[in-house]
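Participant: Sending over a structure as structure tokens; questions will come in a sec.
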Amino acid sequence: MNSLFIVFIKSISTLFLSYSSYQPTLPKNITEGKALMEAKCVKCHTAKKVEDYSLLKWEKTLPKMIRKAKLGEADQTKIMAYIRYVIDTKK
């Protein structure tokens with residue numbers, strides 16, 4: 001085979017592998033919201049899958065859970081950002 005062709009194929013393969021393992025960097029509030037859910041919510045109950053509930057259900061339930069967990073408004077905002085992100089990306 002032509003060595004130029006082999007170099008081209010290797011380059012394409014490398015590019016494809018890089019793209020297929022690409023993980024976008026999420027905004028800080030989303031990653032912090034995920035971390036808060038994973039750390040705080042499981043203290044009272046088993047972890048819930050975000051996509052198992054509608055956004056409306058989360059919006060109704062989350063304020064009560066935030067109070068029970070003694071978290072603040074900033075934490076609630078971060079958790080909701082994470083929930084919205086998950087629900088929006090699952091559509």
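Residue names in the structure tokens use chain letters A, B, ... in the order shown, residue numbers from 1 in each chain, and ligand numbers from 1 in the order shown.
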Taking 5 positions as the minimum chain separation for residues in the same chain, which residues sit within 9 Å of Gly33 of chain A when counting only C-alpha atoms? Answer as a VMD selection string.

Facilitator: chain A and resid 28 38 75 to 83

Participant: Do you know which residues are at most 12 Å from Ser54 of chain A counting only C-alpha atoms, after dropping those on the same chain fewer than 6 positions away, and could you put them as a compact mmCIF listing (two decimals) with C-alpha atoms, in the first residue's frame?

Facilitator:
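Here's the written file part25.txt:
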# COMPACT_ATOMS: atom_id res chain seq x y z
CA LYS A 60 -42.58 20.75 43.14
CA THR A 61 -40.57 18.29 45.23
CA LEU A 62 -37.11 19.82 45.38
CA ILE A 83 -31.74 18.37 36.78
CA ARG A 84 -32.64 20.60 33.82
CA VAL A 86 -30.15 15.88 32.47
CA ILE A 87 -33.78 16.19 31.38
CA ASP A 88 -32.89 18.39 28.38
CA LYS A 90 -32.39 12.97 27.47
CA LYS A 91 -35.01 14.38 25.06

Participant: Just want the 9 Å neighbourhood of Ala47 of chain A, counted on only C-alpha atoms, with same-chain residues fewer than 3 positions away dropped. Output as a ChimeraX atom specification.

Facilitator: /A:37-38,41-42

Participant: Restrict the selected residues to C-alpha atoms and save them as a tab-separated table (two decimals), in the first residue's frame.

Facilitator:
chain	number	residue	atom	x	y	z
A	37	MET	CA	-27.41	15.48	44.74
A	38	GLU	CA	-25.00	12.57	45.04
A	41	CYS	CA	-29.92	13.39	48.79
A	42	VAL	CA	-28.76	9.87	49.63

Participant: A:Leu56, A:Lys48, A:Lys40, A:Tyr85: which is nearest Lys68 of chain A, counting only C-alpha atoms?

Facilitator: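 Looking only at the distances to Lys68 of chain A, the closest residue turns out to be A:Lys40.
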
Participant: In Å, rounded to a single decimal, give me how far atom CA of Glu59 of chain A is from atom CA of Thr46 of chain A.

Facilitator: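 Atom CA of Thr46 of chain A sits 18.9 Å away from atom CA of Glu59 of chain A.
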